[in-house]
Structures are given as C-alpha cells and as structure tokens.
file input_1.csv (CSV, C-alpha atoms)
chain,number,residue,atom,x,y,z
U,243,MET,CA,13.3,193.5,-25.9
U,244,SER,CA,13.3,189.7,-26.3
U,245,ALA,CA,14.3,188.1,-29.5
U,246,PRO,CA,11.5,187.7,-32.0
U,247,LYS,CA,9.9,184.3,-32.2
U,248,ILE,CA,9.9,183.0,-35.8
U,249,ALA,CA,8.2,179.7,-36.5
U,250,GLY,CA,6.9,177.7,-39.4
U,251,ALA,CA,4.0,175.6,-40.3
U,252,PRO,CA,3.7,172.4,-42.4
U,253,ILE,CA,1.3,174.0,-44.9
U,254,SER,CA,4.3,175.9,-46.3
U,255,TRP,CA,5.5,172.5,-47.5
U,256,GLY,CA,2.0,171.6,-48.8
U,257,VAL,CA,0.9,169.5,-45.8
U,258,CYS,CA,-2.8,170.2,-45.3
U,259,GLU,CA,-5.8,168.8,-43.6
U,260,VAL,CA,-8.0,169.0,-46.8
U,261,PRO,CA,-8.4,165.6,-48.5
U,262,GLY,CA,-6.9,165.6,-52.0
U,263,TRP,CA,-5.0,168.9,-51.4
U,264,GLY,CA,-1.8,167.6,-53.1
U,265,HIS,CA,1.3,165.6,-52.6
U,266,GLN,CA,2.1,165.3,-48.9
U,267,LEU,CA,5.7,165.3,-47.8
U,268,THR,CA,7.0,163.3,-44.9
U,269,PRO,CA,7.4,164.8,-41.4
U,270,GLU,CA,11.1,163.9,-41.5
U,271,ARG,CA,11.7,166.0,-44.6
U,272,VAL,CA,9.5,168.9,-43.5
U,273,LEU,CA,10.9,169.2,-40.0
U,274,ALA,CA,14.5,168.8,-41.1
U,275,GLU,CA,14.1,171.6,-43.7
U,276,MET,CA,12.4,173.8,-41.1
U,277,ALA,CA,15.5,173.6,-39.0
U,278,GLU,CA,17.8,174.1,-42.0
U,279,VAL,CA,16.2,177.4,-42.9
U,280,GLY,CA,16.6,178.7,-39.3
U,281,LEU,CA,13.1,178.2,-37.9
U,282,VAL,CA,13.1,177.4,-34.1
U,283,ALA,CA,9.5,176.1,-33.8
U,284,THR,CA,6.5,174.9,-35.7
U,285,GLU,CA,2.8,174.5,-35.5
U,286,PHE,CA,1.7,170.9,-35.2
U,287,GLY,CA,0.1,170.5,-38.7
U,288,PRO,CA,-2.9,168.4,-39.5
U,289,ASP,CA,-4.0,165.2,-37.7
U,290,GLY,CA,-1.6,162.4,-38.6
U,291,PHE,CA,1.3,164.6,-39.5
U,292,LEU,CA,2.9,164.1,-36.1
U,293,PRO,CA,2.3,161.2,-33.7
U,294,ASP,CA,-0.9,161.2,-31.8
U,295,ASP,CA,0.7,160.3,-28.5
U,296,PRO,CA,1.7,163.5,-26.7
U,297,ALA,CA,5.1,162.3,-25.6
U,298,ALA,CA,5.9,160.9,-29.0
U,299,LYS,CA,4.8,164.2,-30.6
U,300,ALA,CA,7.1,166.2,-28.4
U,301,ALA,CA,10.0,163.8,-28.9
U,302,THR,CA,9.6,164.0,-32.7
U,303,LEU,CA,9.9,167.8,-32.6
U,304,ALA,CA,12.8,167.7,-30.2
U,305,ALA,CA,14.7,165.3,-32.4
U,306,HIS,CA,14.7,168.1,-35.1
U,307,HIS,CA,15.6,170.8,-32.5
U,308,LEU,CA,12.2,172.4,-32.8
U,309,THR,CA,9.8,173.5,-30.2
U,310,ALA,CA,6.0,173.6,-30.6
U,311,VAL,CA,3.9,176.7,-31.1
U,312,GLY,CA,0.5,175.0,-31.0
U,313,GLY,CA,-1.8,174.0,-33.7
U,314,PHE,CA,-4.3,175.1,-36.3
U,315,THR,CA,-7.6,173.4,-35.3
U,316,PRO,CA,-10.7,173.6,-37.5
U,317,THR,CA,-13.6,173.4,-35.1
U,318,LEU,CA,-17.4,173.4,-35.5
U,319,LEU,CA,-18.5,176.3,-33.4
U,320,HIS,CA,-21.9,177.3,-34.8
U,321,ARG,CA,-24.1,174.2,-34.5
U,322,PRO,CA,-26.3,174.0,-31.4
U,323,ASP,CA,-26.3,170.2,-31.6
U,324,HIS,CA,-22.5,170.0,-31.4
U,325,ASP,CA,-20.4,170.8,-28.3
U,326,PRO,CA,-16.8,171.6,-29.4
U,327,VAL,CA,-15.3,171.7,-25.9
U,328,PRO,CA,-14.6,167.9,-25.5
U,329,GLY,CA,-12.7,167.9,-28.7
U,330,VAL,CA,-10.5,170.8,-27.6
U,331,GLU,CA,-10.0,169.2,-24.1
U,332,ALA,CA,-8.7,166.0,-25.9
U,333,LEU,CA,-6.0,168.1,-27.5
U,334,LEU,CA,-4.6,169.7,-24.4
U,335,PRO,CA,-2.3,166.8,-23.2
U,336,SER,CA,-0.4,167.2,-26.5
U,337,TYR,CA,0.0,170.9,-25.8
U,338,ALA,CA,1.3,170.3,-22.3
U,339,ALA,CA,3.7,167.6,-23.4
U,340,ALA,CA,5.2,169.8,-26.1
U,341,ALA,CA,5.1,173.0,-24.1
U,342,ALA,CA,2.9,174.6,-26.8
U,343,GLY,CA,1.0,177.7,-25.8
U,344,THR,CA,-1.3,178.7,-28.6
U,345,LEU,CA,-4.5,177.0,-29.8
U,346,VAL,CA,-5.4,178.4,-33.2
U,347,LEU,CA,-9.1,177.8,-34.0
U,348,SER,CA,-10.9,178.3,-37.2
U,349,ALA,CA,-14.7,178.3,-37.5
U,350,ASP,CA,-15.2,175.1,-39.5
U,351,THR,CA,-18.2,175.0,-41.8
U,352,GLY,CA,-18.7,171.2,-41.6
U,353,LEU,CA,-18.0,171.0,-45.4
U,354,THR,CA,-14.8,169.7,-47.1
U,355,GLY,CA,-12.2,172.3,-48.2
U,356,TYR,CA,-12.4,176.0,-48.4
U,357,ASP,CA,-14.1,176.8,-51.7
U,358,SER,CA,-17.6,177.5,-50.3
U,359,ARG,CA,-19.4,178.2,-47.1
U,360,PRO,CA,-23.0,178.5,-45.8
U,361,GLU,CA,-24.5,181.7,-44.5
U,362,LEU,CA,-24.8,181.9,-40.7
U,363,ASP,CA,-28.0,183.2,-39.1
U,364,ASP,CA,-28.2,185.2,-35.9
U,365,ALA,CA,-28.8,182.0,-33.8
U,366,GLY,CA,-25.7,180.4,-35.4
U,367,TRP,CA,-23.7,183.5,-34.6
U,368,LYS,CA,-24.8,183.5,-31.0
U,369,THR,CA,-23.7,179.9,-30.6
U,370,LEU,CA,-20.4,180.5,-32.3
U,371,LEU,CA,-19.5,183.5,-30.1
U,372,VAL,CA,-20.5,181.7,-26.9
U,373,ASN,CA,-18.4,178.7,-27.9
U,374,LEU,CA,-15.4,180.8,-28.6
U,375,ASP,CA,-15.5,182.2,-25.1
U,376,ARG,CA,-16.1,178.7,-23.6
U,377,ILE,CA,-13.1,177.2,-25.4
U,378,GLY,CA,-11.0,180.2,-24.5
U,379,ALA,CA,-11.8,179.7,-20.8
U,380,VAL,CA,-11.1,175.9,-20.9
U,381,ALA,CA,-7.8,176.3,-22.6
U,382,ALA,CA,-6.8,179.2,-20.4
U,383,ALA,CA,-7.3,177.0,-17.3
U,384,ALA,CA,-4.6,174.7,-18.9
U,385,GLY,CA,-2.3,177.6,-19.5
U,386,ILE,CA,-3.0,177.8,-23.2
U,387,GLU,CA,-4.1,180.9,-25.1
U,388,THR,CA,-6.8,180.5,-27.7
U,389,VAL,CA,-7.0,182.6,-30.9
U,390,LEU,CA,-9.5,182.7,-33.7
U,391,HIS,CA,-8.1,182.5,-37.2
U,392,PRO,CA,-10.3,184.3,-39.7
U,393,HIS,CA,-10.0,182.0,-42.8
U,394,VAL,CA,-11.3,181.9,-46.3
U,395,GLY,CA,-14.1,179.2,-46.6
U,396,THR,CA,-14.9,179.2,-42.9
U,397,MET,CA,-17.7,180.8,-40.9
U,398,VAL,CA,-15.4,183.7,-40.0
U,399,GLU,CA,-14.0,185.1,-43.3
U,400,THR,CA,-15.2,188.6,-44.2
U,401,GLY,CA,-14.7,192.0,-42.7
U,402,ASP,CA,-18.2,191.9,-41.2
U,403,ASP,CA,-17.5,188.5,-39.7
U,404,VAL,CA,-14.3,189.7,-38.0
U,405,ARG,CA,-16.2,192.7,-36.7
U,406,ARG,CA,-18.8,190.5,-35.1
U,407,VAL,CA,-16.2,188.4,-33.4
U,408,LEU,CA,-14.4,191.5,-32.0
U,409,GLU,CA,-17.6,193.0,-30.8
U,410,GLY,CA,-19.3,189.8,-29.5
U,411,SER,CA,-16.5,187.7,-28.0
U,412,SER,CA,-13.4,188.2,-25.9
U,413,ILE,CA,-11.4,185.9,-28.1
U,414,ALA,CA,-8.0,187.1,-29.4
U,415,LEU,CA,-7.2,186.9,-33.1
U,416,CYS,CA,-4.6,185.2,-35.2
U,417,LEU,CA,-3.6,187.9,-37.7
U,418,ASP,CA,-3.3,185.8,-40.9
U,419,THR,CA,-2.2,188.5,-43.4
U,420,GLY,CA,-3.3,186.4,-46.4
U,421,HIS,CA,-6.7,185.2,-45.3
U,422,LEU,CA,-7.7,188.5,-43.9
U,423,LEU,CA,-6.8,190.3,-47.1
U,424,ILE,CA,-8.6,187.8,-49.3
U,425,GLY,CA,-11.7,188.0,-47.0
U,426,GLY,CA,-11.8,191.8,-47.4
U,427,THR,CA,-10.0,193.0,-44.3
U,428,ASP,CA,-6.8,195.1,-44.6
U,429,PRO,CA,-4.5,193.3,-42.1
U,430,ALA,CA,-2.4,196.5,-41.6
U,431,GLU,CA,-5.5,198.5,-40.8
U,432,LEU,CA,-6.8,195.8,-38.4
U,433,THR,CA,-3.4,195.8,-36.6
U,434,ARG,CA,-3.6,199.5,-36.2
U,435,GLN,CA,-7.2,199.5,-35.0
U,436,ALA,CA,-7.2,196.6,-32.6
U,437,PRO,CA,-3.6,195.8,-31.7
U,438,GLU,CA,-4.7,194.5,-28.3
U,439,ARG,CA,-6.7,191.7,-29.9
U,440,VAL,CA,-3.7,190.3,-31.9
U,441,ALA,CA,-2.1,187.5,-30.0
U,442,HIS,CA,-0.7,185.4,-32.8
U,443,THR,CA,0.3,185.9,-36.4
U,444,HIS,CA,0.4,183.9,-39.6
U,445,PHE,CA,2.6,185.8,-42.1
U,446,LYS,CA,2.1,185.2,-45.8
U,447,ASP,CA,2.3,187.5,-48.7
U,448,VAL,CA,-0.4,187.6,-51.4
U,449,ASP,CA,-0.7,188.2,-55.1
U,450,LEU,CA,-3.6,190.7,-55.0
U,451,GLY,CA,-4.6,190.0,-58.6
U,452,LEU,CA,-5.3,186.3,-57.8
U,453,ALA,CA,-6.9,187.3,-54.5
U,454,ARG,CA,-9.4,189.5,-56.3
U,455,GLN,CA,-10.2,186.6,-58.6
U,456,VAL,CA,-11.2,184.6,-55.5
U,457,GLN,CA,-13.2,187.5,-54.1
U,458,ASP,CA,-15.3,187.9,-57.3
U,459,GLY,CA,-15.7,184.2,-58.0
U,460,ARG,CA,-13.5,183.9,-61.0
U,461,ARG,CA,-11.4,181.3,-59.3
U,462,THR,CA,-11.9,179.0,-56.4
U,463,TYR,CA,-9.7,179.4,-53.4
U,464,THR,CA,-7.9,176.1,-54.1
U,465,GLU,CA,-7.3,177.1,-57.8
U,466,ALA,CA,-5.7,180.3,-56.7
U,467,VAL,CA,-3.5,178.6,-54.1
U,468,ARG,CA,-2.4,176.2,-56.9
U,469,GLU,CA,-1.6,179.2,-59.1
U,470,GLY,CA,0.7,180.7,-56.5
U,471,MET,CA,-1.6,183.3,-54.8
U,472,TYR,CA,0.5,183.1,-51.7
U,473,ARG,CA,4.0,184.5,-52.1
U,474,PRO,CA,7.2,184.7,-50.0
U,475,LEU,CA,7.3,187.7,-47.8
U,476,GLY,CA,8.3,190.8,-49.8
U,477,THR,CA,7.2,189.5,-53.2
U,478,GLY,CA,3.4,190.2,-52.9
U,479,ASP,CA,1.1,193.0,-52.0
U,480,VAL,CA,0.8,192.9,-48.2
U,481,ASP,CA,2.1,195.9,-46.2
U,482,PHE,CA,4.3,194.0,-43.8
U,483,GLY,CA,6.3,197.1,-42.9
U,484,SER,CA,3.3,198.8,-41.4
U,485,ILE,CA,2.1,195.6,-39.7
U,486,VAL,CA,5.4,194.9,-38.1
U,487,ALA,CA,5.8,198.5,-37.0
U,488,SER,CA,2.3,198.4,-35.3
U,489,LEU,CA,3.1,195.1,-33.5
U,490,GLN,CA,6.5,196.2,-32.3
U,491,GLY,CA,5.0,199.5,-31.3
U,492,ARG,CA,3.0,197.7,-28.6
U,493,ASP,CA,5.8,195.3,-27.8
U,494,TYR,CA,4.1,192.2,-29.3
U,495,GLN,CA,5.5,189.1,-27.6
U,496,GLY,CA,3.8,186.4,-29.7
U,497,TRP,CA,4.9,184.2,-32.5
U,498,TYR,CA,5.5,185.2,-36.1
U,499,VAL,CA,4.5,182.0,-37.9
U,500,LEU,CA,5.6,182.0,-41.6
U,501,GLU,CA,2.8,180.3,-43.6
U,502,GLN,CA,2.8,180.2,-47.4
U,503,ASP,CA,0.0,177.8,-48.3
U,504,THR,CA,1.3,175.6,-51.1
U,505,ILE,CA,-0.1,172.8,-53.2
U,506,LEU,CA,2.4,170.2,-54.5
U,507,THR,CA,1.5,168.1,-57.5
U,508,GLU,CA,4.4,165.7,-56.9
U,509,ALA,CA,7.5,165.2,-54.7
U,510,PRO,CA,9.7,168.3,-55.4
U,511,THR,CA,13.1,167.8,-56.8
U,512,GLY,CA,16.0,170.1,-55.6
U,513,VAL,CA,15.3,172.5,-52.8
U,514,GLY,CA,11.6,172.6,-53.2
U,515,PRO,CA,9.3,174.7,-50.8
U,516,ALA,CA,12.2,175.4,-48.4
U,517,ALA,CA,13.5,178.0,-50.9
U,518,ASP,CA,10.4,180.2,-50.4
U,519,VAL,CA,10.4,179.7,-46.7
U,520,HIS,CA,14.1,180.8,-46.5
U,521,THR,CA,13.2,183.9,-48.5
U,522,SER,CA,10.5,184.7,-46.0
U,523,VAL,CA,12.7,184.1,-43.0
U,524,GLU,CA,15.3,186.5,-44.3
U,525,GLN,CA,12.7,189.2,-45.2
U,526,LEU,CA,11.0,188.9,-41.8
U,527,ARG,CA,14.4,189.2,-40.0
U,528,SER,CA,15.1,192.3,-41.9
U,529,LEU,CA,11.8,193.9,-41.0
U,530,LEU,CA,12.1,193.0,-37.4
U,531,SER,CA,15.6,194.4,-37.1
U,532,ARG,CA,14.6,197.9,-38.3
U,533,PRO,CA,14.9,200.6,-35.6

call {"tool": "encode", "arguments": {"input": "input_1.csv", "output": "structure tokens"}}
result
Amino acid sequence: MSAPKIAGAPISWGVCEVPGWGHQLTPERVLAEMAEVGLVATEFGPDGFLPDDPAAKAATLAAHHLTAVGGFTPTLLHRPDHDPVPGVEALLPSYAAAAAGTLVLSADTGLTGYDSRPELDDAGWKTLLVNLDRIGAVAAAAGIETVLHPHVGTMVETGDDVRRVLEGSSIALCLDTGHLLIGGTDPAELTRQAPERVAHTHFKDVDLGLARQVQDGRRTYTEAVREGMYRPLGTGDVDFGSIVASLQGRDYQGWYVLEQDTILTEAPTGVGPAADVHTSVEQLRSLLSRP
C-alpha cells in the first residue's frame, strides 16, 4: 500500500475567500508553517493567495517544498443564464503547471458568505446536475478529477441535496467531515454507503453542540466558526476511526486534506494556528497507521 497523502489548506490559517472573514496571513508564513508541521502538499487557497501566473504559482509552492493538490472553487452551477465551463477552463493551466490533480467545486449561491442560501427549484437542480457532469468531462480531458464539496451555505448542503447529487450526477464527492455533519449527513455513514463516490477528503473535527446551534438557527455559520466549531482531529465529535477504516477498506488512494476553518481577529503571536494543524497531523497519522 502506498503512503497516505496528507495535505493542508490555507483556511486552517484563516485564509478565506469570504470578504471580511478575518485577518489574512501572508502566503510566506502559511506555506512555511505547512512544511514545518509535516505537510507535503496544499490546496491553492482563494484567488490572490498564490500568484495568478501558473508558473509562478508552481514555483512558490516548490520554494516551500510543497506540491499542489488542487483548489476549492466556488462555482455558480444552478443558473441557466451562466455557463460555468469557461471559468473552469481558465483554471486548468495552473493545475497543469503545478501538477495538481483535483478540482474541488462547491455550488455557489451567488451571495456573499455562507450564512444563508436560496431554495433551489427543480429547474435549478436540473441545470446544476448537468453542469456538474459537463465540468467533470472538461476537467477529465485535461487529466484532472472533479469532486463536488457539499458545503454549508451553498446549493448543496443538506442530506437531501447530497442524495440528489449522488442520484442525478456522476460527479465524485469531496468528503468534508465538518460540512456534511453540519448539513445533516453523517460522514461516517456516507462513507460506508457510497465509498465509490468519495474521491477526495477534507478532514476537520466538529463541536457538535455548536453545529446544532447552526442547524437550528441559534447561530450563524460564521459566528460558530469564530467560536471554535471546528476542532483539531480527535478533539470533537466526528467518528474518524470509522471513516478511515471504511476508506482504507477500499484502498482509498486520494488525498487526506486537513482543514480546520478558522477566523483570526488579528495576527497571532506565538505558534498560532499551526499548533492545531500539528495536532491533527499527528492524530491522522495515528489513525492511518492502525492495522
């Protein structure tokens, strides 16, 4: 069996595409700390975090001894007056230059942030599902696998949403343990039921008490993240032992991307977010080494 592929993402350092999310650390600090805690690769992060030029983007990662996984790409998929394919095609040169293999889509609402979302009618669902398969085919022709990331505050959030995607599209999934749980899907059960559809993972632990406050409207998603809803692996309520066992049972060869969405109010002093990432790295290595 090949060595597990453990990667990171800039959101664990508070770097996010949402305007006003919080203090944004420099790429130099984030990438250096990724390497220091033992990560070998990263997702690209939001627009502007890494250079736009494909060669410069690849060189920046290489300078920190990191390779590229791919990127989280919020994309409008449900509107008949918007074709998402050209925007995806524009990203592919960066993937080729950095040897990145996974395009992580979320079904963008067209709104700002993740605290609310509109309802999607049947026509919108048909458009979304068709566009998922169209994008998957375009990316596959370039040697890149597309996965859909169910995500709080997007058009694919709830358990019913995930079911419609599984039944109505051939797209693979990004198993984000936190967003699935908050949206009402047990990630361990989904992994057992549809392991063949899991092609990528985002591993984050969750404080279930705060997650339930988001589910019932007592807190917004952003408020809960600020309060620490996402936890280092092994310190929350996600059943990672079962998830890892299910993935390894089918010889999962994809990435394990450690993501602990964080909001920073100011530049951290001392170790900062890297401490939690290090905790997650060690916990994941322990889980993956079990016979």

call {"tool": "closest_residue", "arguments": {"input": "input_1.csv", "among": "U:His324, U:Val380, U:Val372, U:Glu361", "to": "Asp403 in chain U", "atoms": "only C-alpha atoms"}}
result
U:Glu361

call {"tool": "closest_residue", "arguments": {"input": "input_1.csv", "among": "U:Val519, U:Ala300, U:Leu362, U:Ala249", "to": "Ala338 in chain U", "atoms": "all atoms listed in the file"}}
result
U:Ala300

call {"tool": "closest_residue", "arguments": {"input": "input_1.csv", "among": "U:Pro437, U:Pro288, U:Gly401, U:Pro510", "to": "His421 in chain U", "atoms": "only C-alpha atoms"}}
result
U:Gly401

call {"tool": "closest_residue", "arguments": {"input": "input_1.csv", "among": "U:Ser254, U:Ser336, U:Thr351, U:Ser411", "to": "Ala301 in chain U", "atoms": "all atoms listed in the file"}}
result
U:Ser336

call {"tool": "residues_near_point", "arguments": {"input": "input_1.csv", "point": "(-10.7, 184.1, -27.1)", "cutoff": "8 Å", "atoms": "all atoms listed in the file", "output": "list in words"}}
result
Leu374, Asp375, Ile377, Gly378, Ala379, Glu387, Thr388, Val389, Leu390, Ser411, Ser412, Ile413, Ala414 and Leu415 of chain U

call {"tool": "residues_around", "arguments": {"input": "input_1.csv", "residues": "Val394 in chain U", "least_positions_apart": "6", "cutoff": "9 Å", "atoms": "all atoms listed in the file", "output": "number ranges by chain"}}
result
U: 356-359, 400, 421-422, 424-425, 463

call {"tool": "decode", "arguments": {"input": "input_1.csv", "residues": "range 481-504 of chain U", "atoms": "N, CA, C and O atoms", "output": "PDB file, in the first residue's frame"}}
result
ATOM      1  N   ASP U 481     -16.608  10.749  13.929  1.00  0.00           N
ATOM      2  CA  ASP U 481     -16.127   9.372  14.076  1.00  0.00           C
ATOM      3  C   ASP U 481     -15.064   9.089  13.011  1.00  0.00           C
ATOM      4  O   ASP U 481     -15.313   8.397  12.023  1.00  0.00           O
ATOM      5  N   PHE U 482     -13.853   9.602  13.229  1.00  0.00           N
ATOM      6  CA  PHE U 482     -12.803   9.426  12.235  1.00  0.00           C
ATOM      7  C   PHE U 482     -12.305   7.990  12.156  1.00  0.00           C
ATOM      8  O   PHE U 482     -11.864   7.541  11.100  1.00  0.00           O
ATOM      9  N   GLY U 483     -12.362   7.266  13.253  1.00  0.00           N
ATOM     10  CA  GLY U 483     -11.925   5.876  13.212  1.00  0.00           C
ATOM     11  C   GLY U 483     -12.711   5.076  12.192  1.00  0.00           C
ATOM     12  O   GLY U 483     -12.144   4.327  11.387  1.00  0.00           O
ATOM     13  N   SER U 484     -14.040   5.243  12.194  1.00  0.00           N
ATOM     14  CA  SER U 484     -14.893   4.534  11.245  1.00  0.00           C
ATOM     15  C   SER U 484     -14.651   5.018   9.826  1.00  0.00           C
ATOM     16  O   SER U 484     -14.597   4.219   8.885  1.00  0.00           O
ATOM     17  N   ILE U 485     -14.500   6.327   9.653  1.00  0.00           N
ATOM     18  CA  ILE U 485     -14.296   6.884   8.310  1.00  0.00           C
ATOM     19  C   ILE U 485     -13.002   6.365   7.700  1.00  0.00           C
ATOM     20  O   ILE U 485     -12.970   5.907   6.555  1.00  0.00           O
ATOM     21  N   VAL U 486     -11.921   6.434   8.464  1.00  0.00           N
ATOM     22  CA  VAL U 486     -10.633   5.974   7.955  1.00  0.00           C
ATOM     23  C   VAL U 486     -10.680   4.473   7.663  1.00  0.00           C
ATOM     24  O   VAL U 486     -10.149   4.017   6.637  1.00  0.00           O
ATOM     25  N   ALA U 487     -11.317   3.716   8.532  1.00  0.00           N
ATOM     26  CA  ALA U 487     -11.410   2.274   8.296  1.00  0.00           C
ATOM     27  C   ALA U 487     -12.166   1.979   6.998  1.00  0.00           C
ATOM     28  O   ALA U 487     -11.762   1.100   6.220  1.00  0.00           O
ATOM     29  N   SER U 488     -13.250   2.708   6.738  1.00  0.00           N
ATOM     30  CA  SER U 488     -14.006   2.498   5.509  1.00  0.00           C
ATOM     31  C   SER U 488     -13.187   2.869   4.281  1.00  0.00           C
ATOM     32  O   SER U 488     -13.194   2.156   3.269  1.00  0.00           O
ATOM     33  N   LEU U 489     -12.471   3.981   4.349  1.00  0.00           N
ATOM     34  CA  LEU U 489     -11.649   4.407   3.214  1.00  0.00           C
ATOM     35  C   LEU U 489     -10.521   3.418   2.956  1.00  0.00           C
ATOM     36  O   LEU U 489     -10.268   3.021   1.811  1.00  0.00           O
ATOM     37  N   GLN U 490      -9.836   3.030   4.017  1.00  0.00           N
ATOM     38  CA  GLN U 490      -8.734   2.088   3.830  1.00  0.00           C
ATOM     39  C   GLN U 490      -9.241   0.723   3.381  1.00  0.00           C
ATOM     40  O   GLN U 490      -8.535   0.009   2.652  1.00  0.00           O
ATOM     41  N   GLY U 491     -10.467   0.375   3.788  1.00  0.00           N
ATOM     42  CA  GLY U 491     -11.028  -0.904   3.392  1.00  0.00           C
ATOM     43  C   GLY U 491     -11.242  -1.027   1.898  1.00  0.00           C
ATOM     44  O   GLY U 491     -11.306  -2.140   1.372  1.00  0.00           O
ATOM     45  N   ARG U 492     -11.366   0.094   1.226  1.00  0.00           N
ATOM     46  CA  ARG U 492     -11.493   0.029  -0.241  1.00  0.00           C
ATOM     47  C   ARG U 492     -10.238   0.584  -0.909  1.00  0.00           C
ATOM     48  O   ARG U 492     -10.276   0.939  -2.087  1.00  0.00           O
ATOM     49  N   ASP U 493      -9.133   0.668  -0.163  1.00  0.00           N
ATOM     50  CA  ASP U 493      -7.836   1.093  -0.688  1.00  0.00           C
ATOM     51  C   ASP U 493      -7.917   2.494  -1.300  1.00  0.00           C
ATOM     52  O   ASP U 493      -7.466   2.734  -2.417  1.00  0.00           O
ATOM     53  N   TYR U 494      -8.491   3.416  -0.534  1.00  0.00           N
ATOM     54  CA  TYR U 494      -8.588   4.803  -0.966  1.00  0.00           C
ATOM     55  C   TYR U 494      -7.198   5.353  -1.264  1.00  0.00           C
ATOM     56  O   TYR U 494      -6.286   5.234  -0.450  1.00  0.00           O
ATOM     57  N   GLN U 495      -7.017   5.959  -2.448  1.00  0.00           N
ATOM     58  CA  GLN U 495      -5.721   6.474  -2.878  1.00  0.00           C
ATOM     59  C   GLN U 495      -5.688   7.992  -2.974  1.00  0.00           C
ATOM     60  O   GLN U 495      -4.696   8.563  -3.434  1.00  0.00           O
ATOM     61  N   GLY U 496      -6.763   8.656  -2.553  1.00  0.00           N
ATOM     62  CA  GLY U 496      -6.827  10.110  -2.671  1.00  0.00           C
ATOM     63  C   GLY U 496      -6.140  10.819  -1.519  1.00  0.00           C
ATOM     64  O   GLY U 496      -5.510  10.210  -0.647  1.00  0.00           O
ATOM     65  N   TRP U 497      -6.300  12.138  -1.530  1.00  0.00           N
ATOM     66  CA  TRP U 497      -5.686  12.977  -0.501  1.00  0.00           C
ATOM     67  C   TRP U 497      -6.515  13.010   0.773  1.00  0.00           C
ATOM     68  O   TRP U 497      -7.748  12.952   0.733  1.00  0.00           O
ATOM     69  N   TYR U 498      -5.826  13.128   1.890  1.00  0.00           N
ATOM     70  CA  TYR U 498      -6.427  13.496   3.159  1.00  0.00           C
ATOM     71  C   TYR U 498      -6.011  14.949   3.411  1.00  0.00           C
ATOM     72  O   TYR U 498      -4.861  15.219   3.778  1.00  0.00           O
ATOM     73  N   VAL U 499      -6.931  15.863   3.181  1.00  0.00           N
ATOM     74  CA  VAL U 499      -6.631  17.286   3.348  1.00  0.00           C
ATOM     75  C   VAL U 499      -7.140  17.726   4.714  1.00  0.00           C
ATOM     76  O   VAL U 499      -8.335  17.646   5.006  1.00  0.00           O
ATOM     77  N   LEU U 500      -6.230  18.187   5.546  1.00  0.00           N
ATOM     78  CA  LEU U 500      -6.599  18.679   6.872  1.00  0.00           C
ATOM     79  C   LEU U 500      -7.083  20.116   6.742  1.00  0.00           C
ATOM     80  O   LEU U 500      -6.357  21.001   6.291  1.00  0.00           O
ATOM     81  N   GLU U 501      -8.322  20.321   7.142  1.00  0.00           N
ATOM     82  CA  GLU U 501      -8.951  21.640   7.069  1.00  0.00           C
ATOM     83  C   GLU U 501      -9.632  21.908   8.399  1.00  0.00           C
ATOM     84  O   GLU U 501     -10.528  21.172   8.798  1.00  0.00           O
ATOM     85  N   GLN U 502      -9.220  22.959   9.064  1.00  0.00           N
ATOM     86  CA  GLN U 502      -9.915  23.381  10.280  1.00  0.00           C
ATOM     87  C   GLN U 502     -10.227  24.856  10.104  1.00  0.00           C
ATOM     88  O   GLN U 502      -9.436  25.724  10.446  1.00  0.00           O
ATOM     89  N   ASP U 503     -11.395  25.142   9.518  1.00  0.00           N
ATOM     90  CA  ASP U 503     -11.746  26.523   9.196  1.00  0.00           C
ATOM     91  C   ASP U 503     -11.607  27.397  10.439  1.00  0.00           C
ATOM     92  O   ASP U 503     -12.149  27.080  11.501  1.00  0.00           O
ATOM     93  N   THR U 504     -10.897  28.495  10.279  1.00  0.00           N
ATOM     94  CA  THR U 504     -10.511  29.347  11.395  1.00  0.00           C
ATOM     95  C   THR U 504     -10.725  30.800  11.021  1.00  0.00           C
ATOM     96  O   THR U 504     -10.532  31.183   9.867  1.00  0.00           O
TER      97      THR U 504
END
